[in-house]
>>> print(open('model16.tsv').read())   # TSV, C-alpha atoms and all ligand atoms
chain	number	residue	atom	x	y	z
A	1	MET	CA	-15.08	4.65	-11.40
A	2	ASP	CA	-16.68	2.32	-13.93
A	3	ASN	CA	-13.69	0.30	-14.96
A	4	CYS	CA	-11.85	0.04	-11.67
A	5	ILE	CA	-11.49	-3.45	-10.23
A	6	PHE	CA	-11.03	-2.16	-6.68
A	7	CYS	CA	-14.13	0.07	-6.92
A	8	LYS	CA	-16.00	-3.08	-7.92
A	9	ILE	CA	-14.55	-4.95	-4.93
A	10	ILE	CA	-15.54	-2.07	-2.62
A	11	ALA	CA	-19.07	-2.12	-4.07
A	12	GLY	CA	-19.25	-5.90	-3.59
A	13	ASP	CA	-19.68	-6.50	-7.33
A	14	ILE	CA	-16.50	-8.59	-7.37
A	15	PRO	CA	-16.07	-11.02	-4.48
A	16	SER	CA	-13.13	-10.73	-2.11
A	17	SER	CA	-11.92	-12.29	1.12
A	18	VAL	CA	-12.53	-9.50	3.62
A	19	ILE	CA	-10.39	-9.19	6.74
A	20	TYR	CA	-11.66	-5.82	7.96
A	21	GLU	CA	-13.93	-3.01	6.87
A	22	ASP	CA	-14.93	0.44	8.16
A	23	GLU	CA	-16.42	3.57	6.60
A	24	ASP	CA	-13.21	4.51	4.79
A	25	LEU	CA	-11.19	1.34	4.25
A	26	LYS	CA	-11.58	-2.28	3.26
A	27	VAL	CA	-8.83	-4.81	3.91
A	28	ILE	CA	-8.85	-7.96	1.79
A	29	MET	CA	-6.60	-10.86	0.95
A	30	ASP	CA	-4.51	-10.22	-2.16
A	31	ILE	CA	-5.68	-12.71	-4.79
A	32	TYR	CA	-2.10	-13.33	-6.01
A	33	PRO	CA	-0.22	-13.38	-2.70
A	34	ALA	CA	3.50	-12.67	-2.54
A	35	ALA	CA	3.40	-14.71	0.66
A	36	ARG	CA	0.74	-16.46	2.73
A	37	GLY	CA	-1.55	-13.87	4.31
A	38	HIS	CA	-0.64	-11.02	1.90
A	39	ALA	CA	-3.34	-8.41	2.52
A	40	ILE	CA	-4.22	-5.12	0.87
A	41	ILE	CA	-5.77	-2.08	2.47
A	42	ILE	CA	-8.01	-0.38	-0.09
A	43	THR	CA	-9.52	3.09	0.33
A	44	LYS	CA	-13.28	3.04	-0.24
A	45	LYS	CA	-13.09	6.29	-2.17
A	46	HIS	CA	-11.30	6.06	-5.50
A	47	PHE	CA	-7.95	7.85	-5.22
A	48	GLU	CA	-5.59	6.94	-8.03
A	49	ASN	CA	-2.52	7.14	-5.82
A	50	ILE	CA	-1.16	8.62	-2.59
A	51	PHE	CA	-0.82	12.07	-4.15
A	52	GLU	CA	-4.62	12.33	-4.32
A	53	LEU	CA	-5.36	10.90	-0.86
A	54	ASP	CA	-7.54	12.95	1.54
A	55	ASP	CA	-5.79	13.84	4.81
A	56	ASP	CA	-8.71	12.45	6.84
A	57	VAL	CA	-8.44	9.01	5.24
A	58	ALA	CA	-4.63	9.17	5.33
A	59	LYS	CA	-4.74	9.46	9.12
A	60	LYS	CA	-6.71	6.23	9.38
A	61	VAL	CA	-4.59	4.09	7.06
A	62	LEU	CA	-1.65	3.68	9.40
A	63	ILE	CA	-3.86	2.84	12.36
A	64	VAL	CA	-5.57	0.10	10.35
A	65	ALA	CA	-2.21	-1.08	8.99
A	66	LYS	CA	-0.99	-1.45	12.56
A	67	LYS	CA	-4.09	-3.32	13.74
A	68	VAL	CA	-4.20	-5.68	10.77
A	69	GLY	CA	-0.43	-6.13	10.91
A	70	ILE	CA	-0.67	-7.29	14.52
A	71	ALA	CA	-3.54	-9.66	13.63
A	72	LEU	CA	-1.53	-11.11	10.74
A	73	LYS	CA	1.47	-11.63	12.95
A	74	ASP	CA	-0.63	-13.25	15.68
A	75	GLU	CA	-2.46	-15.56	13.29
A	76	LEU	CA	0.35	-16.48	10.91
A	77	GLY	CA	3.35	-16.41	13.19
A	78	CYS	CA	5.35	-14.70	10.46
A	79	GLY	CA	8.76	-13.29	11.30
A	80	GLY	CA	7.93	-9.77	10.07
A	81	ILE	CA	5.71	-7.76	7.73
A	82	ASN	CA	6.48	-5.35	4.91
A	83	LEU	CA	4.07	-2.44	4.51
A	84	LEU	CA	4.49	-1.14	0.98
A	85	GLN	CA	2.66	0.90	-1.56
A	86	ASN	CA	3.24	1.65	-5.25
A	87	ASN	CA	2.45	4.98	-6.93
A	88	GLY	CA	2.61	5.08	-10.72
A	89	GLU	CA	3.45	2.48	-13.31
A	90	THR	CA	7.16	3.22	-13.01
A	91	ALA	CA	6.93	2.38	-9.32
A	92	GLY	CA	5.20	-0.93	-10.04
A	93	GLN	CA	1.57	0.10	-9.57
A	94	THR	CA	-0.73	-2.16	-11.58
A	95	VAL	CA	-4.13	-1.28	-10.09
A	96	PHE	CA	-4.70	2.47	-10.21
A	97	HIS	CA	-6.87	2.71	-7.11
A	98	LEU	CA	-4.91	3.48	-3.97
A	99	HIS	CA	-3.98	0.50	-1.83
A	100	PHE	CA	-1.35	-0.56	0.68
A	101	HIS	CA	0.24	-4.00	0.78
A	102	LEU	CA	0.84	-5.86	4.03
A	103	ILE	CA	3.17	-8.72	3.16
A	104	PRO	CA	3.92	-11.22	5.90
A	105	ARG	CA	7.53	-12.39	5.78
A	106	TYR	CA	8.87	-15.83	6.58
A	107	ASP	CA	12.46	-17.02	6.80
A	108	GLY	CA	13.50	-18.27	3.36
A	109	ASP	CA	10.39	-16.95	1.57
A	110	ASN	CA	10.37	-15.92	-2.11
A	111	VAL	CA	9.74	-12.22	-1.56
A	112	THR	CA	12.46	-9.85	-2.77
A	113	ILE	CA	12.35	-6.18	-1.91
A	114	LYS	CA	15.85	-5.06	-2.75
A	115	TRP	CA	17.85	-2.24	-4.27
A	116	ILE	CA	21.49	-1.52	-4.95
A	117	THR	CA	22.60	1.41	-2.81
A	118	GLY	CA	24.12	4.54	-4.35
A	119	LYS	CA	26.11	7.49	-2.99
A	120	TYR	CA	25.80	11.28	-2.92
A	121	GLU	CA	28.61	13.73	-3.61
A	122	ASP	CA	29.57	15.94	-0.65
A	123	GLY	CA	26.73	18.35	0.10
A	124	GLU	CA	24.44	16.88	-2.56
A	125	ALA	CA	22.02	15.22	-0.11
A	126	LEU	CA	21.62	18.41	1.93
A	127	GLU	CA	21.10	20.58	-1.17
A	128	LEU	CA	18.50	18.14	-2.50
A	129	ALA	CA	16.79	17.93	0.90
A	130	GLN	CA	16.47	21.70	1.01
A	131	ARG	CA	15.13	21.94	-2.55
A	132	ILE	CA	12.55	19.22	-1.91
A	133	GLY	CA	11.66	20.69	1.47
A	134	ALA	CA	10.99	24.07	-0.10
A	135	ARG	CA	8.32	22.48	-2.31
A	136	ILE	CA	6.30	21.05	0.58
A	137	LYS	CA	2.89	22.74	0.74
A	201	LIG	P1	-0.04	-3.01	-7.26
A	201	LIG	O1	0.83	-3.78	-8.22
A	201	LIG	O2	0.70	-2.37	-6.13
A	201	LIG	O3	-0.93	-2.05	-8.01
A	201	LIG	O4	-0.93	-4.10	-6.56
A	201	LIG	C1	-2.13	-4.57	-7.09
A	201	LIG	C2	-2.43	-5.82	-6.32
A	201	LIG	O5	-3.81	-6.13	-6.49
A	201	LIG	C3	-1.64	-7.06	-6.78
A	201	LIG	O6	-0.89	-7.56	-5.70
A	201	LIG	C4	-2.73	-8.02	-7.24
A	201	LIG	O7	-2.42	-9.35	-6.92
A	201	LIG	C5	-3.94	-7.52	-6.47
A	201	LIG	N1	-5.22	-7.84	-7.07
A	201	LIG	C6	-5.59	-7.67	-8.36
A	201	LIG	N2	-6.86	-8.07	-8.54
A	201	LIG	C7	-7.32	-8.49	-7.34
A	201	LIG	C8	-8.54	-9.03	-6.86
A	201	LIG	N3	-9.58	-9.22	-7.67
A	201	LIG	N4	-8.64	-9.36	-5.56
A	201	LIG	C9	-7.59	-9.17	-4.73
A	201	LIG	N5	-6.41	-8.67	-5.11
A	201	LIG	C10	-6.26	-8.34	-6.39
A	202	ZN	ZN	-11.40	2.58	-8.00
>>> encode(input="model16.tsv", output="structure tokens", more="lines below")
Ligand code: AMP
Ligand code: ZN
Amino acid sequence: MDNCIFCKIIAGDIPSSVIYEDEDLKVIMDIYPAARGHAIIITKKHFENIFELDDDVAKKVLIVAKKVGIALKDELGCGGINLLQNNGETAGQTVFHLHFHLIPRYDGDNVTIKWITGKYEDGEALELAQRIGARIK
């Protein structure tokens, strides 16, 4: 993809601070970190979002997230880590090449991942679950 910043990072045309790399994934430091050690796992192949992701690569992402997460925790001594991922502009995606954030968390840090909880009417959650479930291919 000619105009994709992450494709350029994968190709080595734009420099990055690389934590880990294999045939399918590259893990780099996020250039604008939400917290110290904020890393992103980038697929080497250009998928726009998770809906396009190959099953073979999908299987590897969580294994790498686990390994890098442990390394981050060991090195940084953070209290926890958020693994998060945005699909679509509405969901906060700004770079349209699939990636997964690993955000180390520290007591009193400036990261906010928050929502106001809602409620379902009686039976609504089950009905919705069944309708969504029926669409799974
Ligand atoms: P998202 O908003 O989920 O699409 O995340 C895109 C992330 O890419 C942001 O956290 C940016 O800080 C990060 N980012 C953008 N350009 C670069 C770059 N050249 N090197 C490393 N991270 C980048
Ligand atoms: Zn790309």
>>> residues_near_point(input="model16.tsv", point="(-4.6, -4.3, 3.3)", cutoff="8 Å", atoms="only C-alpha atoms", output="PyMOL selection string")
chain A and resi 26-29+38-42+65+68+99-102
>>> write_last_selection(input="model16.tsv", atoms="C-alpha atoms", output="tab-separated table (two decimals), keeping the file's coordinate frame")
chain	number	residue	atom	x	y	z
A	26	LYS	CA	-11.58	-2.28	3.26
A	27	VAL	CA	-8.83	-4.81	3.91
A	28	ILE	CA	-8.85	-7.96	1.79
A	29	MET	CA	-6.60	-10.86	0.95
A	38	HIS	CA	-0.64	-11.02	1.90
A	39	ALA	CA	-3.34	-8.41	2.52
A	40	ILE	CA	-4.22	-5.12	0.87
A	41	ILE	CA	-5.77	-2.08	2.47
A	42	ILE	CA	-8.01	-0.38	-0.09
A	65	ALA	CA	-2.21	-1.08	8.99
A	68	VAL	CA	-4.20	-5.68	10.77
A	99	HIS	CA	-3.98	0.50	-1.83
A	100	PHE	CA	-1.35	-0.56	0.68
A	101	HIS	CA	0.24	-4.00	0.78
A	102	LEU	CA	0.84	-5.86	4.03
>>> closest_residue(input="model16.tsv", among="A:Val95, A:Leu84, A:Ala58, A:Ala34", to="ligand ZN 202 (chain A)", atoms="only C-alpha atoms and all ligand atoms")
A:Val95
>>> closest_atom_pairs(input="model16.tsv", of="chain A", to="ligand LIG 201 (chain A)", cutoff="12 Å", atoms="only C-alpha atoms and all ligand atoms", output="JSON lines")
{"residue": "A:Cys4", "atom": "CA", "partner": "A:LIG201", "partner_atom": "N2", "distance": 10.0}
{"residue": "A:Ile5", "atom": "CA", "partner": "A:LIG201", "partner_atom": "N3", "distance": 6.6}
{"residue": "A:Phe6", "atom": "CA", "partner": "A:LIG201", "partner_atom": "N3", "distance": 7.3}
{"residue": "A:Cys7", "atom": "CA", "partner": "A:LIG201", "partner_atom": "N3", "distance": 10.4}
{"residue": "A:Lys8", "atom": "CA", "partner": "A:LIG201", "partner_atom": "N3", "distance": 8.9}
{"residue": "A:Ile9", "atom": "CA", "partner": "A:LIG201", "partner_atom": "N3", "distance": 7.1}
{"residue": "A:Ile10", "atom": "CA", "partner": "A:LIG201", "partner_atom": "N4", "distance": 10.5}
{"residue": "A:Gly12", "atom": "CA", "partner": "A:LIG201", "partner_atom": "N3", "distance": 11.0}
{"residue": "A:Asp13", "atom": "CA", "partner": "A:LIG201", "partner_atom": "N3", "distance": 10.5}
{"residue": "A:Ile14", "atom": "CA", "partner": "A:LIG201", "partner_atom": "N3", "distance": 7.0}
{"residue": "A:Pro15", "atom": "CA", "partner": "A:LIG201", "partner_atom": "N3", "distance": 7.5}
{"residue": "A:Ser16", "atom": "CA", "partner": "A:LIG201", "partner_atom": "N4", "distance": 5.8}
{"residue": "A:Ser17", "atom": "CA", "partner": "A:LIG201", "partner_atom": "C9", "distance": 7.9}
{"residue": "A:Val18", "atom": "CA", "partner": "A:LIG201", "partner_atom": "C9", "distance": 9.7}
{"residue": "A:Ile19", "atom": "CA", "partner": "A:LIG201", "partner_atom": "C9", "distance": 11.8}
{"residue": "A:Lys26", "atom": "CA", "partner": "A:LIG201", "partner_atom": "C9", "distance": 11.3}
{"residue": "A:Val27", "atom": "CA", "partner": "A:LIG201", "partner_atom": "C9", "distance": 9.8}
{"residue": "A:Ile28", "atom": "CA", "partner": "A:LIG201", "partner_atom": "C9", "distance": 6.7}
{"residue": "A:Met29", "atom": "CA", "partner": "A:LIG201", "partner_atom": "C9", "distance": 6.0}
{"residue": "A:Asp30", "atom": "CA", "partner": "A:LIG201", "partner_atom": "N5", "distance": 3.8}
{"residue": "A:Ile31", "atom": "CA", "partner": "A:LIG201", "partner_atom": "C9", "distance": 4.0}
{"residue": "A:Tyr32", "atom": "CA", "partner": "A:LIG201", "partner_atom": "O7", "distance": 4.1}
{"residue": "A:Pro33", "atom": "CA", "partner": "A:LIG201", "partner_atom": "O7", "distance": 6.2}
{"residue": "A:Ala34", "atom": "CA", "partner": "A:LIG201", "partner_atom": "O6", "distance": 7.4}
{"residue": "A:Ala35", "atom": "CA", "partner": "A:LIG201", "partner_atom": "O6", "distance": 10.5}
{"residue": "A:Gly37", "atom": "CA", "partner": "A:LIG201", "partner_atom": "N5", "distance": 11.8}
{"residue": "A:His38", "atom": "CA", "partner": "A:LIG201", "partner_atom": "O6", "distance": 8.4}
{"residue": "A:Ala39", "atom": "CA", "partner": "A:LIG201", "partner_atom": "N5", "distance": 8.2}
{"residue": "A:Ile40", "atom": "CA", "partner": "A:LIG201", "partner_atom": "N5", "distance": 7.3}
{"residue": "A:Ile41", "atom": "CA", "partner": "A:LIG201", "partner_atom": "O5", "distance": 10.0}
{"residue": "A:Ile42", "atom": "CA", "partner": "A:LIG201", "partner_atom": "O5", "distance": 9.6}
{"residue": "A:Glu48", "atom": "CA", "partner": "A:LIG201", "partner_atom": "O3", "distance": 10.1}
{"residue": "A:Asn49", "atom": "CA", "partner": "A:LIG201", "partner_atom": "O3", "distance": 9.6}
{"residue": "A:Ile50", "atom": "CA", "partner": "A:LIG201", "partner_atom": "O2", "distance": 11.7}
{"residue": "A:Leu83", "atom": "CA", "partner": "A:LIG201", "partner_atom": "O2", "distance": 11.2}
{"residue": "A:Leu84", "atom": "CA", "partner": "A:LIG201", "partner_atom": "O2", "distance": 8.2}
{"residue": "A:Gln85", "atom": "CA", "partner": "A:LIG201", "partner_atom": "O2", "distance": 6.0}
{"residue": "A:Asn86", "atom": "CA", "partner": "A:LIG201", "partner_atom": "O2", "distance": 4.8}
{"residue": "A:Asn87", "atom": "CA", "partner": "A:LIG201", "partner_atom": "O2", "distance": 7.6}
{"residue": "A:Gly88", "atom": "CA", "partner": "A:LIG201", "partner_atom": "O3", "distance": 8.4}
{"residue": "A:Glu89", "atom": "CA", "partner": "A:LIG201", "partner_atom": "O3", "distance": 8.2}
{"residue": "A:Thr90", "atom": "CA", "partner": "A:LIG201", "partner_atom": "O1", "distance": 10.6}
{"residue": "A:Ala91", "atom": "CA", "partner": "A:LIG201", "partner_atom": "O2", "distance": 8.5}
{"residue": "A:Gly92", "atom": "CA", "partner": "A:LIG201", "partner_atom": "O1", "distance": 5.5}
{"residue": "A:Gln93", "atom": "CA", "partner": "A:LIG201", "partner_atom": "O3", "distance": 3.6}
{"residue": "A:Thr94", "atom": "CA", "partner": "A:LIG201", "partner_atom": "O3", "distance": 3.6}
{"residue": "A:Val95", "atom": "CA", "partner": "A:LIG201", "partner_atom": "O3", "distance": 3.9}
{"residue": "A:Phe96", "atom": "CA", "partner": "A:LIG201", "partner_atom": "O3", "distance": 6.3}
{"residue": "A:His97", "atom": "CA", "partner": "A:LIG201", "partner_atom": "O3", "distance": 7.7}
{"residue": "A:Leu98", "atom": "CA", "partner": "A:LIG201", "partner_atom": "O3", "distance": 7.9}
{"residue": "A:His99", "atom": "CA", "partner": "A:LIG201", "partner_atom": "O2", "distance": 7.0}
{"residue": "A:Phe100", "atom": "CA", "partner": "A:LIG201", "partner_atom": "O2", "distance": 7.3}
{"residue": "A:His101", "atom": "CA", "partner": "A:LIG201", "partner_atom": "O2", "distance": 7.1}
{"residue": "A:Leu102", "atom": "CA", "partner": "A:LIG201", "partner_atom": "O6", "distance": 10.0}
{"residue": "A:Ile103", "atom": "CA", "partner": "A:LIG201", "partner_atom": "O6", "distance": 9.8}
>>> atom_distance(input="model16.tsv", atom1="CA of Val57 (chain A)", atom2="CA of Leu25 (chain A)")
8.2 Å
>>> closest_residue(input="model16.tsv", among="A:Ala71, A:Tyr120, A:Glu23, A:Arg105", to="Asp56 (chain A)", atoms="only C-alpha atoms")
A:Glu23
>>> closest_residue(input="model16.tsv", among="A:Ala11, A:Asn3, A:Asn110, A:Lys137", to="Lys45 (chain A)", atoms="all atoms listed in the file")
A:Ala11
>>> atom_distance(input="model16.tsv", atom1="CA of Leu62 (chain A)", atom2="CA of Ile113 (chain A)")
20.5 Å
>>> closest_residue(input="model16.tsv", among="A:Gln130, A:Asp24, A:Lys67, A:Lys114", to="Asp55 (chain A)", atoms="all atoms listed in the file")
A:Asp24
>>> closest_residue(input="model16.tsv", among="A:Glu52, A:Arg36, A:Lys60, A:Asp2", to="Asp22 (chain A)", atoms="only C-alpha atoms")
A:Lys60
>>> closest_residue(input="model16.tsv", among="A:Val64, A:Cys78, A:Met1, A:Ala134", to="ligand ZN 202 (chain A)", atoms="all atoms listed in the file")
A:Met1
>>> atom_distance(input="model16.tsv", atom1="CA of Gly133 (chain A)", atom2="CA of Thr117 (chain A)")
22.6 Å
>>> decode(input="model16.tsv", residues="region 33-73 of chain A", atoms="N, CA and C atoms", output="mmCIF file, in the first residue's frame")
data_model
loop_
_atom_site.group_PDB
_atom_site.id
_atom_site.type_symbol
_atom_site.label_atom_id
_atom_site.label_comp_id
_atom_site.auth_asym_id
_atom_site.auth_seq_id
_atom_site.Cartn_x
_atom_site.Cartn_y
_atom_site.Cartn_z
ATOM 1 N N PRO A 33 3.552 7.859 22.770
ATOM 2 C CA PRO A 33 3.097 6.875 23.764
ATOM 3 C C PRO A 33 2.034 7.418 24.717
ATOM 4 N N ALA A 34 1.026 6.599 24.966
ATOM 5 C CA ALA A 34 0.031 6.913 25.996
ATOM 6 C C ALA A 34 0.668 6.778 27.369
ATOM 7 N N ALA A 35 1.658 5.907 27.457
ATOM 8 C CA ALA A 35 2.407 5.703 28.700
ATOM 9 C C ALA A 35 3.775 5.145 28.305
ATOM 10 N N ARG A 36 4.729 5.235 29.209
ATOM 11 C CA ARG A 36 6.084 4.758 28.912
ATOM 12 C C ARG A 36 6.058 3.275 28.535
ATOM 13 N N GLY A 37 6.639 2.963 27.380
ATOM 14 C CA GLY A 37 6.696 1.575 26.935
ATOM 15 C C GLY A 37 5.541 1.160 26.027
ATOM 16 N N HIS A 38 4.638 2.101 25.721
ATOM 17 C CA HIS A 38 3.508 1.815 24.807
ATOM 18 C C HIS A 38 4.042 1.216 23.501
ATOM 19 N N ALA A 39 3.605 -0.001 23.221
ATOM 20 C CA ALA A 39 4.082 -0.720 22.027
ATOM 21 C C ALA A 39 2.909 -1.018 21.100
ATOM 22 N N ILE A 40 3.215 -1.193 19.815
ATOM 23 C CA ILE A 40 2.174 -1.623 18.885
ATOM 24 C C ILE A 40 2.652 -2.830 18.082
ATOM 25 N N ILE A 41 1.756 -3.800 17.995
ATOM 26 C CA ILE A 41 1.997 -4.991 17.191
ATOM 27 C C ILE A 41 1.377 -4.717 15.823
ATOM 28 N N ILE A 42 2.200 -4.742 14.788
ATOM 29 C CA ILE A 42 1.724 -4.437 13.437
ATOM 30 C C ILE A 42 1.829 -5.697 12.582
ATOM 31 N N THR A 43 0.771 -6.017 11.842
ATOM 32 C CA THR A 43 0.851 -7.150 10.915
ATOM 33 C C THR A 43 1.729 -6.733 9.727
ATOM 34 N N LYS A 44 2.538 -7.640 9.242
ATOM 35 C CA LYS A 44 3.406 -7.288 8.101
ATOM 36 C C LYS A 44 2.586 -7.115 6.833
ATOM 37 N N LYS A 45 1.559 -7.935 6.692
ATOM 38 C CA LYS A 45 0.661 -7.789 5.547
ATOM 39 C C LYS A 45 -0.318 -6.658 5.856
ATOM 40 N N HIS A 46 -0.674 -5.906 4.836
ATOM 41 C CA HIS A 46 -1.609 -4.791 5.051
ATOM 42 C C HIS A 46 -3.048 -5.299 5.127
ATOM 43 N N PHE A 47 -3.579 -5.394 6.358
ATOM 44 C CA PHE A 47 -5.017 -5.570 6.558
ATOM 45 C C PHE A 47 -5.506 -4.233 7.092
ATOM 46 N N GLU A 48 -6.636 -3.767 6.589
ATOM 47 C CA GLU A 48 -7.108 -2.460 7.070
ATOM 48 C C GLU A 48 -7.548 -2.534 8.528
ATOM 49 N N ASN A 49 -8.141 -3.653 8.887
ATOM 50 C CA ASN A 49 -8.709 -3.791 10.235
ATOM 51 C C ASN A 49 -8.857 -5.276 10.554
ATOM 52 N N ILE A 50 -9.420 -5.563 11.723
ATOM 53 C CA ILE A 50 -9.505 -6.967 12.169
ATOM 54 C C ILE A 50 -10.450 -7.794 11.293
ATOM 55 N N PHE A 51 -11.400 -7.119 10.648
ATOM 56 C CA PHE A 51 -12.371 -7.846 9.817
ATOM 57 C C PHE A 51 -11.694 -8.493 8.608
ATOM 58 N N GLU A 52 -10.540 -7.975 8.218
ATOM 59 C CA GLU A 52 -9.827 -8.494 7.042
ATOM 60 C C GLU A 52 -8.714 -9.485 7.404
ATOM 61 N N LEU A 53 -8.450 -9.622 8.700
ATOM 62 C CA LEU A 53 -7.279 -10.390 9.146
ATOM 63 C C LEU A 53 -7.356 -11.873 8.774
ATOM 64 N N ASP A 54 -6.247 -12.411 8.241
ATOM 65 C CA ASP A 54 -6.137 -13.858 7.965
ATOM 66 C C ASP A 54 -6.156 -14.640 9.278
ATOM 67 N N ASP A 55 -6.804 -15.803 9.260
ATOM 68 C CA ASP A 55 -6.851 -16.633 10.473
ATOM 69 C C ASP A 55 -5.454 -17.055 10.922
ATOM 70 N N ASP A 56 -4.573 -17.351 9.956
ATOM 71 C CA ASP A 56 -3.220 -17.811 10.315
ATOM 72 C C ASP A 56 -2.450 -16.746 11.088
ATOM 73 N N VAL A 57 -2.564 -15.502 10.649
ATOM 74 C CA VAL A 57 -1.866 -14.413 11.351
ATOM 75 C C VAL A 57 -2.573 -14.139 12.674
ATOM 76 N N ALA A 58 -3.898 -14.217 12.656
ATOM 77 C CA ALA A 58 -4.681 -13.960 13.878
ATOM 78 C C ALA A 58 -4.207 -14.860 15.019
ATOM 79 N N LYS A 59 -3.946 -16.107 14.700
ATOM 80 C CA LYS A 59 -3.516 -17.074 15.725
ATOM 81 C C LYS A 59 -2.213 -16.641 16.383
ATOM 82 N N LYS A 60 -1.377 -15.952 15.634
ATOM 83 C CA LYS A 60 -0.052 -15.596 16.158
ATOM 84 C C LYS A 60 -0.073 -14.318 16.984
ATOM 85 N N VAL A 61 -1.059 -13.470 16.748
ATOM 86 C CA VAL A 61 -1.065 -12.148 17.394
ATOM 87 C C VAL A 61 -1.116 -12.268 18.919
ATOM 88 N N LEU A 62 -1.986 -13.125 19.402
ATOM 89 C CA LEU A 62 -2.157 -13.209 20.852
ATOM 90 C C LEU A 62 -0.932 -13.809 21.539
ATOM 91 N N ILE A 63 -0.279 -14.725 20.833
ATOM 92 C CA ILE A 63 0.938 -15.328 21.392
ATOM 93 C C ILE A 63 2.022 -14.256 21.532
ATOM 94 N N VAL A 64 2.161 -13.437 20.480
ATOM 95 C CA VAL A 64 3.158 -12.363 20.524
ATOM 96 C C VAL A 64 2.751 -11.307 21.560
ATOM 97 N N ALA A 65 1.459 -11.015 21.641
ATOM 98 C CA ALA A 65 0.991 -10.040 22.639
ATOM 99 C C ALA A 65 1.351 -10.520 24.044
ATOM 100 N N LYS A 66 1.186 -11.794 24.273
ATOM 101 C CA LYS A 66 1.527 -12.361 25.583
ATOM 102 C C LYS A 66 3.022 -12.238 25.867
ATOM 103 N N LYS A 67 3.835 -12.641 24.886
ATOM 104 C CA LYS A 67 5.293 -12.620 25.085
ATOM 105 C C LYS A 67 5.800 -11.203 25.290
ATOM 106 N N VAL A 68 5.347 -10.283 24.448
ATOM 107 C CA VAL A 68 5.812 -8.891 24.570
ATOM 108 C C VAL A 68 5.253 -8.276 25.852
ATOM 109 N N GLY A 69 4.011 -8.618 26.168
ATOM 110 C CA GLY A 69 3.404 -8.108 27.411
ATOM 111 C C GLY A 69 4.226 -8.495 28.627
ATOM 112 N N ILE A 70 4.667 -9.739 28.666
ATOM 113 C CA ILE A 70 5.491 -10.202 29.797
ATOM 114 C C ILE A 70 6.818 -9.442 29.828
ATOM 115 N N ALA A 71 7.420 -9.252 28.633
ATOM 116 C CA ALA A 71 8.698 -8.524 28.568
ATOM 117 C C ALA A 71 8.518 -7.077 29.035
ATOM 118 N N LEU A 72 7.422 -6.461 28.630
ATOM 119 C CA LEU A 72 7.158 -5.079 29.067
ATOM 120 C C LEU A 72 7.031 -5.025 30.588
ATOM 121 N N LYS A 73 6.259 -5.943 31.100
ATOM 122 C CA LYS A 73 6.046 -5.967 32.550
ATOM 123 C C LYS A 73 7.368 -6.172 33.299
#
